[in-house]
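Q: See entry-v7.txt below, with compact mmCIF, C-alpha atoms.
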# COMPACT_ATOMS: atom_id res chain seq x y z
CA MET A 193 11.89 4.05 4.44
CA ARG A 194 15.35 3.22 5.62
CA LEU A 195 17.23 5.37 3.13
CA GLU A 196 20.37 3.28 3.53
CA LYS A 197 18.54 0.54 1.61
CA LEU A 198 18.41 2.75 -1.50
CA PRO A 199 21.23 3.56 -3.92
CA ALA A 200 23.23 6.44 -2.47
CA ALA A 201 22.27 8.93 -5.17
CA MET A 202 18.56 8.27 -4.77
CA ALA A 203 18.75 8.42 -0.98
CA LYS A 204 20.59 11.73 -1.18
CA ARG A 205 18.04 13.19 -3.57
CA LEU A 206 15.14 12.18 -1.34
CA ALA A 207 16.83 13.39 1.84
CA GLU A 208 17.79 16.73 0.33
CA LEU A 209 14.55 17.46 -1.53
CA GLU A 210 13.75 21.13 -1.17
CA CYS A 211 11.01 21.67 1.42
CA PRO A 212 9.08 24.78 2.46
CA ASP A 213 10.70 26.62 5.35
CA PHE A 214 8.06 27.14 8.02
CA LYS A 215 9.12 29.62 10.70
CA THR A 216 6.60 28.37 13.23
CA THR A 217 4.62 25.20 13.77
CA PRO A 218 0.92 25.43 14.63
CA TRP A 219 -0.55 23.08 17.23
CA VAL A 220 -4.25 22.38 17.69
CA GLU A 221 -5.52 20.39 20.65
CA GLY A 222 -8.73 18.41 20.92
CA PRO A 223 -10.74 15.85 22.84
CA LEU A 224 -9.81 12.27 23.64
CA LEU A 225 -9.19 10.00 20.66
CA SER A 226 -12.32 8.08 21.49
CA GLU A 227 -14.29 11.25 20.78
CA ARG A 228 -12.50 12.35 17.62
CA ARG A 229 -13.87 12.37 14.10
CA VAL A 230 -11.02 11.28 11.80
CA ALA A 231 -10.41 11.99 8.12
CA ILE A 232 -7.72 10.70 5.80
CA VAL A 233 -5.83 13.20 3.67
CA SER A 234 -3.44 11.42 1.32
CA SER A 235 -0.75 12.72 -1.01
CA ALA A 236 -0.87 9.56 -3.14
CA GLY A 237 -2.75 11.12 -6.05
CA LEU A 238 -5.80 9.00 -5.28
CA VAL A 239 -8.93 9.41 -7.37
CA VAL A 240 -12.33 7.79 -7.37
CA ARG A 241 -12.85 5.87 -10.61
CA GLY A 242 -14.53 8.20 -13.08
CA ASP A 243 -13.16 11.36 -11.46
CA ARG A 244 -10.35 13.38 -13.09
CA VAL A 245 -7.03 11.58 -12.71
CA PHE A 246 -4.05 13.66 -11.66
CA ARG A 247 -2.18 14.25 -14.91
CA GLY A 248 0.98 15.78 -13.59
CA ARG A 249 1.90 17.97 -10.66
CA ASP A 250 -1.66 19.27 -10.26
CA PRO A 251 -2.04 21.58 -7.23
CA ASP A 252 -5.69 20.80 -6.54
CA TYR A 253 -7.31 17.88 -4.74
CA ARG A 254 -9.86 15.12 -5.13
CA ALA A 255 -12.64 14.17 -2.72
CA ILE A 256 -13.12 10.52 -1.69
CA PRO A 257 -16.47 9.81 0.00
CA SER A 258 -16.44 7.30 2.87
CA THR A 259 -18.91 5.26 0.83
CA THR A 260 -16.28 4.62 -1.85
CA GLU A 261 -15.71 0.93 -2.58
CA ALA A 262 -12.16 -0.42 -2.75
CA ASN A 263 -12.68 -1.26 -6.43
CA ASP A 264 -13.30 2.39 -7.19
CA LEU A 265 -10.11 3.91 -5.82
CA LEU A 266 -7.19 4.44 -8.20
CA CYS A 267 -3.69 5.80 -7.66
CA SER A 268 -2.66 8.35 -10.30
CA HIS A 269 0.48 9.67 -8.60
CA ILE A 270 2.98 10.80 -11.22
CA SER A 271 5.98 9.13 -9.57
CA ILE A 272 6.64 5.50 -10.39
CA ASN A 273 9.45 5.21 -7.87
CA PHE A 274 7.34 3.86 -5.05
CA ASP A 275 5.70 0.49 -4.55
CA ARG A 276 2.17 -0.01 -5.88
CA ASN A 277 1.90 -3.73 -5.12
CA GLY A 278 0.84 -3.08 -1.54
CA PHE A 279 -2.02 -0.83 -2.65
CA GLN A 280 -2.98 -3.30 -5.37
CA GLU A 281 -3.28 -6.10 -2.82
CA ASP A 282 -4.91 -4.04 -0.07
CA TRP A 283 -6.06 -0.43 -0.37
CA ASN A 284 -5.61 0.06 3.39
CA VAL A 285 -1.85 0.20 2.82
CA VAL A 286 -2.40 3.71 1.45
CA PHE A 287 -6.00 4.55 2.31
CA PRO A 288 -6.86 2.85 5.63
CA LEU A 289 -10.61 3.41 5.56
CA ASP A 290 -11.45 -0.17 6.64
CA ARG A 291 -9.02 0.13 9.55
CA LEU A 292 -10.57 3.42 10.71
CA ASN A 293 -14.04 1.91 10.58
CA GLU A 294 -12.79 -1.02 12.67
CA LEU A 295 -11.25 1.39 15.20
CA VAL A 296 -14.62 3.12 15.52
CA ALA A 297 -16.28 -0.25 16.19
CA GLU A 298 -13.63 -0.97 18.83
CA GLY A 299 -14.22 2.41 20.49
CA ALA A 300 -10.66 3.61 19.90
CA ILE A 301 -11.82 6.63 17.86
CA GLY A 302 -15.15 8.38 17.74
CA SER A 303 -16.18 8.38 14.09
CA VAL A 304 -14.94 8.52 10.52
CA ALA A 305 -15.39 11.58 8.30
CA ALA A 306 -17.98 11.53 5.56
CA THR A 307 -15.39 12.56 2.99
CA HIS A 308 -11.61 12.16 2.66
CA TYR A 309 -9.22 13.97 0.32
CA SER A 310 -6.16 13.39 -1.81
CA PHE A 311 -3.49 15.64 -3.26
CA MET A 312 -0.64 14.93 -5.65
CA GLY A 313 2.40 14.65 -3.45
CA ALA A 314 4.90 15.49 -6.19
CA THR A 315 3.48 19.00 -6.45
CA ASP A 316 5.34 21.95 -4.94
CA PRO A 317 3.64 22.21 -1.52
CA VAL A 318 3.43 25.99 -1.80
CA GLN A 319 1.01 25.54 -4.72
CA MET A 320 -1.26 23.39 -2.54
CA VAL A 321 -2.03 26.14 -0.04
CA ASP A 322 -5.33 27.25 -1.56
CA GLY A 323 -6.55 23.68 -2.00
CA ALA A 324 -5.52 22.78 1.53
CA ARG A 325 -7.42 25.74 2.99
CA GLU A 326 -10.48 24.76 0.96
CA VAL A 327 -10.21 21.19 2.23
CA ALA A 328 -9.87 22.50 5.80
CA GLY A 329 -13.18 24.33 5.40
CA LYS A 330 -14.89 21.18 4.17
CA LEU A 331 -13.41 19.10 6.99
CA LYS A 332 -14.63 21.60 9.57
CA ALA A 333 -18.08 21.56 8.03
CA ASP A 334 -18.00 17.77 8.56
CA ASN A 335 -16.97 18.31 12.22
CA VAL A 336 -13.62 16.59 11.66
CA ASP A 337 -11.15 17.27 14.47
CA ALA A 338 -8.34 14.86 13.54
CA VAL A 339 -6.63 14.31 10.19
CA LEU A 340 -4.44 11.34 9.40
CA LEU A 341 -2.05 12.45 6.68
CA THR A 342 -0.66 9.57 4.63
CA SER A 343 2.14 9.93 2.11
CA VAL A 344 3.73 7.44 -0.26
CA MET B 128 2.69 15.86 3.19
CA SER B 129 4.25 17.52 6.18
CA ALA B 130 3.43 20.89 4.60
CA LEU B 131 -0.23 19.91 4.43
CA GLY B 132 -0.04 19.38 8.18
CA HIS B 133 1.00 23.01 8.57
CA TYR B 134 -1.75 24.30 6.27
CA LEU B 135 -4.58 22.29 7.86
CA GLU B 136 -3.44 22.93 11.40
CA GLU B 137 -3.24 26.67 10.70
CA GLU B 138 -6.93 26.41 9.82
CA GLY B 139 -7.69 24.82 13.20
CA ILE B 140 -7.66 21.08 12.48
CA ALA B 141 -5.30 18.79 14.39
CA THR B 142 -3.14 16.62 12.13
CA VAL B 143 -0.65 13.81 12.34
CA ALA B 144 1.38 12.67 9.34
CA ILE B 145 2.66 9.18 8.63
CA VAL B 146 5.96 9.89 6.86
CA LEU B 147 8.31 7.60 4.97
CA ILE B 148 11.25 9.97 4.50
CA ARG B 149 12.40 11.25 7.85
CA PRO B 150 14.77 14.01 6.64
CA GLN B 151 11.91 15.66 4.71
CA ALA B 152 9.79 15.74 7.87
CA GLU B 153 12.70 17.10 9.88
CA ASN B 154 13.12 19.91 7.34
CA THR B 155 9.40 20.76 7.18
CA ARG B 156 8.76 20.42 10.92
CA PRO B 157 5.08 19.36 10.87
CA PRO B 158 3.08 19.57 14.10
CA ARG B 159 3.20 15.79 14.57
CA ALA B 160 4.60 12.95 12.48
CA LEU B 161 5.13 9.24 12.84
CA PHE B 162 8.16 8.08 10.85
CA VAL B 163 7.68 4.54 9.54
CA PRO B 164 10.62 2.53 8.14
CA PHE B 165 8.57 0.83 5.42
CA GLU B 166 9.30 0.92 1.72
CA LEU B 167 8.05 3.89 -0.28
CA GLY B 168 4.40 3.44 -1.22
CA ARG B 169 3.45 1.58 1.98
CA PRO B 170 2.71 4.11 4.73
CA LEU B 171 0.63 1.56 6.65
CA GLY B 172 3.15 -1.25 6.11
CA PRO B 173 2.18 -4.79 5.18
CA PRO B 174 -0.87 -5.42 2.97
CA SER B 175 -3.53 -7.78 4.32
CA ASP B 176 -2.34 -7.38 7.92
CA ALA B 177 -5.09 -5.50 9.72
CA ALA B 178 -3.56 -5.84 13.20
CA PHE B 179 -0.22 -4.37 12.10
CA GLN B 180 -1.91 -1.54 10.19
CA LYS B 181 -4.02 -0.62 13.21
CA ARG B 182 -0.92 -0.48 15.38
CA VAL B 183 0.56 2.03 12.93
CA ILE B 184 -2.61 4.13 12.93
CA MET B 185 -2.90 4.17 16.71
CA ALA B 186 0.78 5.03 17.09
CA ALA B 187 0.13 8.01 14.80
CA LEU B 188 -3.19 9.11 16.28
CA GLY B 189 -1.73 8.79 19.76
CA LEU B 190 0.50 11.76 18.97
CA LEU B 191 -2.64 13.93 18.78
CA VAL B 192 -2.95 13.79 22.57
CA ALA B 193 0.75 14.35 23.31
CA ASN B 194 1.96 17.47 25.02
CA ARG B 195 2.81 20.40 22.79
CA ARG B 196 6.28 20.44 21.20
CA PRO B 197 7.88 22.63 18.53
CA SER B 198 7.53 19.65 16.16
CA LEU B 199 6.92 16.10 17.30
CA ILE B 200 8.46 13.35 15.16
CA VAL B 201 8.36 9.83 16.59
CA ASP B 202 9.81 6.63 15.08
CA PHE B 203 7.70 3.50 14.61
CA SER B 204 9.99 0.69 15.67
CA ASP B 205 8.81 -2.34 13.69
CA ASP B 206 9.80 -3.21 10.13
CA ASP B 207 7.34 -4.42 7.51
CA PRO B 208 7.30 -8.23 7.64
CA ARG B 209 6.12 -8.33 4.02
CA GLU B 210 9.50 -7.06 2.79
CA ALA B 211 10.70 -10.65 3.13
CA PRO B 212 10.22 -12.75 -0.03
CA ASP B 213 7.75 -15.63 -0.12
CA PRO B 214 9.64 -18.72 -1.37
CA GLY B 215 6.32 -20.29 -2.30
CA TRP B 216 5.35 -17.59 -4.78
CA ARG B 217 5.53 -18.42 -8.48
CA PRO B 218 4.92 -16.20 -11.53
CA PRO B 219 1.38 -16.44 -12.92
CA ILE B 220 2.55 -17.63 -16.35
CA GLU B 221 5.37 -19.83 -17.58
CA PRO B 222 8.51 -17.93 -18.62
CA THR B 223 9.17 -17.61 -22.33
CA THR B 224 12.03 -16.35 -24.46
CA ILE B 225 11.85 -12.59 -24.69
CA PRO B 226 12.64 -11.24 -28.17
CA GLN B 227 14.97 -8.29 -28.70
CA GLU B 228 13.44 -6.55 -31.71
CA ALA B 229 10.66 -4.06 -31.00
CA ALA B 230 8.23 -5.51 -33.55
CA ASP B 231 8.73 -9.02 -32.14
CA LEU B 232 8.32 -7.62 -28.65
CA ALA B 233 4.99 -6.10 -29.64
CA GLU B 234 3.68 -9.50 -30.63
CA ALA B 235 5.15 -11.12 -27.52
CA VAL B 236 3.42 -8.51 -25.33
CA GLU B 237 0.07 -9.21 -26.95
CA VAL B 238 0.50 -12.97 -26.43
CA GLU B 239 1.60 -12.42 -22.83
CA LEU B 240 -1.34 -10.16 -22.01
CA TRP B 241 -3.69 -12.78 -23.39
CA ALA B 242 -2.05 -15.40 -21.13
CA LEU B 243 -2.31 -13.09 -18.12
CA ALA B 244 -6.00 -12.35 -18.67
CA ARG B 245 -7.20 -15.38 -16.75
CA PRO B 246 -4.98 -14.98 -13.64
CA TYR B 247 -5.84 -11.28 -13.65
CA ALA B 248 -9.57 -11.99 -13.76
CA GLU B 249 -9.24 -14.55 -10.98
CA SER B 250 -7.20 -12.11 -8.89
CA CYS B 251 -9.87 -9.43 -9.35
CA VAL B 252 -12.61 -11.80 -8.19
CA ARG B 253 -10.56 -12.86 -5.17
CA ARG B 254 -9.69 -9.29 -4.15
CA GLU B 255 -13.06 -7.89 -5.30
CA ARG B 256 -11.23 -5.05 -6.97
CA SER B 257 -8.80 -3.83 -9.58
CA THR B 258 -6.60 -0.75 -9.74
CA VAL B 259 -6.60 -0.79 -13.55
CA GLY B 260 -8.46 2.18 -14.99
CA LEU B 261 -6.32 5.31 -15.23
CA SER B 262 -6.45 5.39 -19.03
CA GLY B 263 -10.11 4.52 -19.22
CA LEU B 264 -9.21 1.73 -21.66
CA ALA B 265 -9.70 -2.01 -21.23
CA PRO B 266 -6.42 -3.90 -20.69
CA ALA B 267 -6.56 -5.40 -24.20
CA ALA B 268 -6.94 -1.92 -25.69
CA CYS B 269 -4.00 -0.71 -23.59
CA GLY B 270 -1.99 -3.61 -25.00
CA ASP B 271 -2.99 -2.76 -28.58
CA TYR B 272 -1.98 0.85 -28.10
CA VAL B 273 1.39 0.07 -26.52
CA ALA B 274 2.09 -2.55 -29.20
CA SER B 275 1.36 0.01 -31.92
CA TRP B 276 4.02 2.31 -30.45
CA LEU B 277 6.49 -0.58 -30.36
CA ARG B 278 5.82 -1.19 -34.04
CA GLY B 279 6.52 2.45 -34.79
CA GLU B 280 2.98 3.17 -35.91
CA LYS B 281 1.76 6.72 -35.38
CA ARG B 282 -1.70 6.35 -33.88
CA ALA B 283 -4.13 8.93 -32.65
CA SER B 284 -4.89 8.97 -28.97
CA PRO B 285 -7.56 6.39 -28.11
CA VAL B 286 -8.71 8.57 -25.20
CA ALA B 287 -10.82 11.58 -26.10
CA ASP B 288 -9.23 14.20 -23.85
CA MET B 289 -5.67 12.89 -23.69
CA SER B 290 -2.75 13.54 -26.02
CA PRO B 291 -1.18 10.43 -27.57
CA ALA B 292 1.75 10.73 -25.15
CA LEU B 293 -0.44 11.05 -22.06
CA ALA B 294 -2.64 8.15 -23.20
CA LEU B 295 0.52 6.09 -23.65
CA ARG B 296 1.67 6.89 -20.12
CA PHE B 297 -1.64 5.88 -18.53
CA ALA B 298 -2.02 2.81 -20.77
CA ILE B 299 1.41 1.71 -19.53
CA ASP B 300 0.41 2.36 -15.91
CA ASP B 301 -2.66 0.20 -16.47
CA LEU B 302 -0.70 -2.62 -18.07
CA LYS B 303 1.78 -2.70 -15.18
CA ALA B 304 -1.13 -2.87 -12.72
CA PHE B 305 -2.79 -5.57 -14.85
CA ALA B 306 0.32 -7.76 -14.84
CA LEU B 307 1.16 -7.22 -11.18
CA GLU B 308 -2.38 -7.91 -10.04
CA ALA B 309 -2.35 -11.11 -12.12
CA ALA B 310 0.75 -12.08 -10.14
CA LEU B 311 -1.08 -11.89 -6.80
CA THR B 312 -1.59 -15.62 -6.81
CA PRO B 313 -3.75 -17.25 -4.11
CA GLY B 314 -2.16 -18.39 -0.89
CA THR B 315 1.09 -16.47 -1.40
CA ARG B 316 2.52 -13.28 0.08
CA PRO B 317 5.12 -12.05 -2.43
CA SER B 318 7.33 -9.10 -1.64
CA SER B 319 7.36 -6.12 -3.96
CA ARG B 320 10.92 -7.03 -4.98
CA GLN B 321 9.80 -10.50 -6.08
CA LEU B 322 7.01 -9.05 -8.16
CA GLY B 323 9.25 -6.35 -9.60
CA ASP B 324 12.00 -8.83 -10.48
CA TRP B 325 9.44 -10.87 -12.40
CA LEU B 326 7.88 -7.92 -14.22
CA TRP B 327 11.14 -6.24 -15.22
CA ASN B 328 13.37 -9.27 -15.79
CA GLY B 329 10.97 -12.02 -16.74
CA THR B 330 8.23 -10.61 -18.94
CA ALA B 331 7.90 -9.31 -22.49
CA LEU B 332 5.97 -6.34 -21.06
CA GLY B 333 8.92 -5.30 -18.91
CA ALA B 334 11.31 -5.61 -21.83
CA ALA B 335 8.90 -3.70 -24.07
CA LEU B 336 8.66 -0.81 -21.62
CA GLN B 337 12.45 -0.61 -21.38
CA THR B 338 12.58 -0.46 -25.20
CA LEU B 339 9.85 2.17 -25.42
CA ARG B 340 11.54 4.28 -22.76
CA ARG B 341 14.89 4.13 -24.54
CA ASP B 342 13.39 4.91 -27.96
CA CYS B 343 11.21 7.77 -26.72
CA LEU B 344 14.08 9.39 -24.82
CA ALA B 345 16.28 9.13 -27.93
CA GLY B 346 13.65 10.76 -30.16
CA ASP B 347 12.91 14.42 -30.70
CA ASP B 348 9.31 14.55 -29.44
CA GLU B 349 9.47 16.53 -26.21
CA ARG B 350 6.10 15.26 -24.97
CA LEU B 351 7.23 11.68 -25.41
CA LYS B 352 10.51 12.41 -23.69
CA THR B 353 8.59 13.79 -20.72
CA VAL B 354 6.28 10.82 -20.32
CA ALA B 355 9.02 8.26 -21.07
CA ALA B 356 10.62 9.16 -17.75
CA PHE B 357 7.57 7.57 -16.11
CA PHE B 358 7.68 4.20 -17.89
CA VAL B 359 10.36 2.44 -15.82
CA PRO B 360 11.19 2.94 -12.12
CA ALA B 361 14.62 4.43 -11.52
CA LEU B 362 15.77 1.28 -9.72
CA ARG B 363 14.91 -0.79 -12.81
CA VAL B 364 16.63 1.39 -15.42
CA PRO B 365 19.73 -0.43 -16.70
CA PRO B 366 23.04 1.39 -16.09
CA GLU B 367 24.23 3.42 -19.09
Take the structure in this file and express it as structure tokens.
A:
Amino acid sequence: MRLEKLPAAMAKRLAELECPDFKTTPWVEGPLLSERRVAIVSSAGLVVRGDRVFRGRDPDYRAIPSTTEANDLLCSHISINFDRNGFQEDWNVVFPLDRLNELVAEGAIGSVAATHYSFMGATDPVQMVDGAREVAGKLKADNVDAVLLTSV
Amino acid sequence: MSALGHYLEEEGIATVAIVLIRPQAENTRPPRALFVPFELGRPLGPPSDAAFQKRVIMAALGLLVANRRPSLIVDFSDDDPREAPDPGWRPPIEPTTIPQEAADLAEAVEVELWALARPYAESCVRRERSTVGLSGLAPAACGDYVASWLRGEKRASPVADMSPALALRFAIDDLKAFALEAALTPGTRPSSRQLGDWLWNGTALGAALQTLRRDCLAGDDERLKTVAAFFVPALRVPPE
């Protein structure tokens, strides 16, 4: 987002939002992209139809199997200050599962994870730690070695 | 999102974030991030543009094989071509006079939802999907519930495990999705601003949600005050 396109007060609030202060930054290396198994982890409050919608700033997560159909993915993010029309027209705008499958077919990446995950991005990130570590365990069990994090 | 990059990477999984607000990424210092200049809500950019979306993904995933840095944040150079309006787009229903009184608005909303039902159904068939469903109610039931609030009727929650206020919030989310999906007319590529201008300035639903927001915030029910903040986007709230 080019913040200069927003009203000054909103741009300032977004730019100055309090963020966790990490003293160090971890860095994991891996094989070539063409050999990587890729998962999507979204902060868009995505839920599979029938699963528990995010009701507020929930700190936990939802699982989204790769077999999920586009008609069964909903966005329950608490914020209404971001565009939903793109997601309504094409779920890949937020959850690019079709694109990842195409990249596998083209040989650009190795494979797509069996399961993807979503958090509620408006939640204090510190409260997401336990859920994130749980998700990491599930991703490792699925042999995922690359995560595409998408925010809204 | 950048914090999740820290948490997952600490557990041994390589990550790259697609971020929409660069200062937040700069403050969180994730392992790797691709800053995209698209509007909020569109991390992959334009809908229905597979080639563009794949360029974004590959620009992000490419950072996974970059040399180690303290925190790698790279800018994606292209803007979203779908931010431009489509002059050929037209609203899905003819404009009508929007009443001012809440009770009249309630009736106008019900009439409008009935008129939108066909374009919505056609849009669902064309896209093979709908994003309506957060409340668990059918669109008509969402309309009935919102209309009852406009009329000042105190109704129990129509959703078993939701308070009346929470059910109202999700019913409103569903009605907005219903109307906006109805507006995805065939052969057009409207921008989000076009669709938003229509919803908030040209429909009884938009006017009704402004009225509900104002009335709930002026009341003394703290639950309603909390959810009312999520009825109308900040950019669409009229100046005081």
Q: Near chain A, which residues of chain B fall within 6 Å when you count all atoms listed in the file, and what do they look like as a ChimeraX atom specification?
A: /B:135-137,140-145,147-148,150,158,164-169,171,174-175,256-258,360
Q: Need the shell around region 311-326 of chain B: protein/DNA/RNA residues with any atom at most 8 Å away, counting only C-alpha atoms. Skip same-chain ones fewer than 2 positions apart. Format as a list of chain:residue names?
A: A:Asp275, A:Asn277, A:Gly278, A:Glu281, B:Arg209, B:Glu210, B:Ala211, B:Pro212, B:Asp213, B:Gly215, B:Trp216, B:Arg217, B:Pro218, B:Pro219, B:Pro246, B:Ser250, B:Ala306, B:Leu307, B:Glu308, B:Ala309, B:Asn328, B:Gly329, B:Thr330, B:Leu332, B:Gly333
Q: Would you pick out the contacts of Gly302 (chain A) at 6 Å or less, using only C-alpha atoms, so that residues sharing its chain but fewer than 5 positions from it are not included, and give the list as a list of chain:residue names?
A: A:Ser226, A:Glu227, A:Arg228, A:Arg229, A:Val296
Q: One decimal, in Å: what's the spacing between CA of Arg254 (chain A) and CA of Asp300 (chain B)?
A: 19.6 Å
Q: Restricting the calculation to all atoms listed in the file, which member of B:Asp176, B:Glu221, B:Asp202, B:Asp207 is positioned closest to Ala310 (chain B)?
A: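 Checking each candidate against Ala310 (chain B), we get B:Glu221 as the closest.
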Q: Between CA of Ala355 (chain B) and CA of Asp250 (chain A), what is the distance, to one decimal in Å?
A: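 One can read the CA of Ala355 (chain B) to CA of Asp250 (chain A) distance as 18.8 Å.
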Q: Would you work out the distance separating CA of Ala265 (chain B) from CA of Leu295 (chain B), expressed in Å to one decimal?
A: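 Separation between CA of Ala265 (chain B) and CA of Leu295 (chain B): 13.3 Å.
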Q: Nearest to Gln180 (chain B) among B:Gly132, B:Gly263, B:Pro197, B:Pro208, with distances taken over only C-alpha atoms: which residue is it?
A: B:Pro208
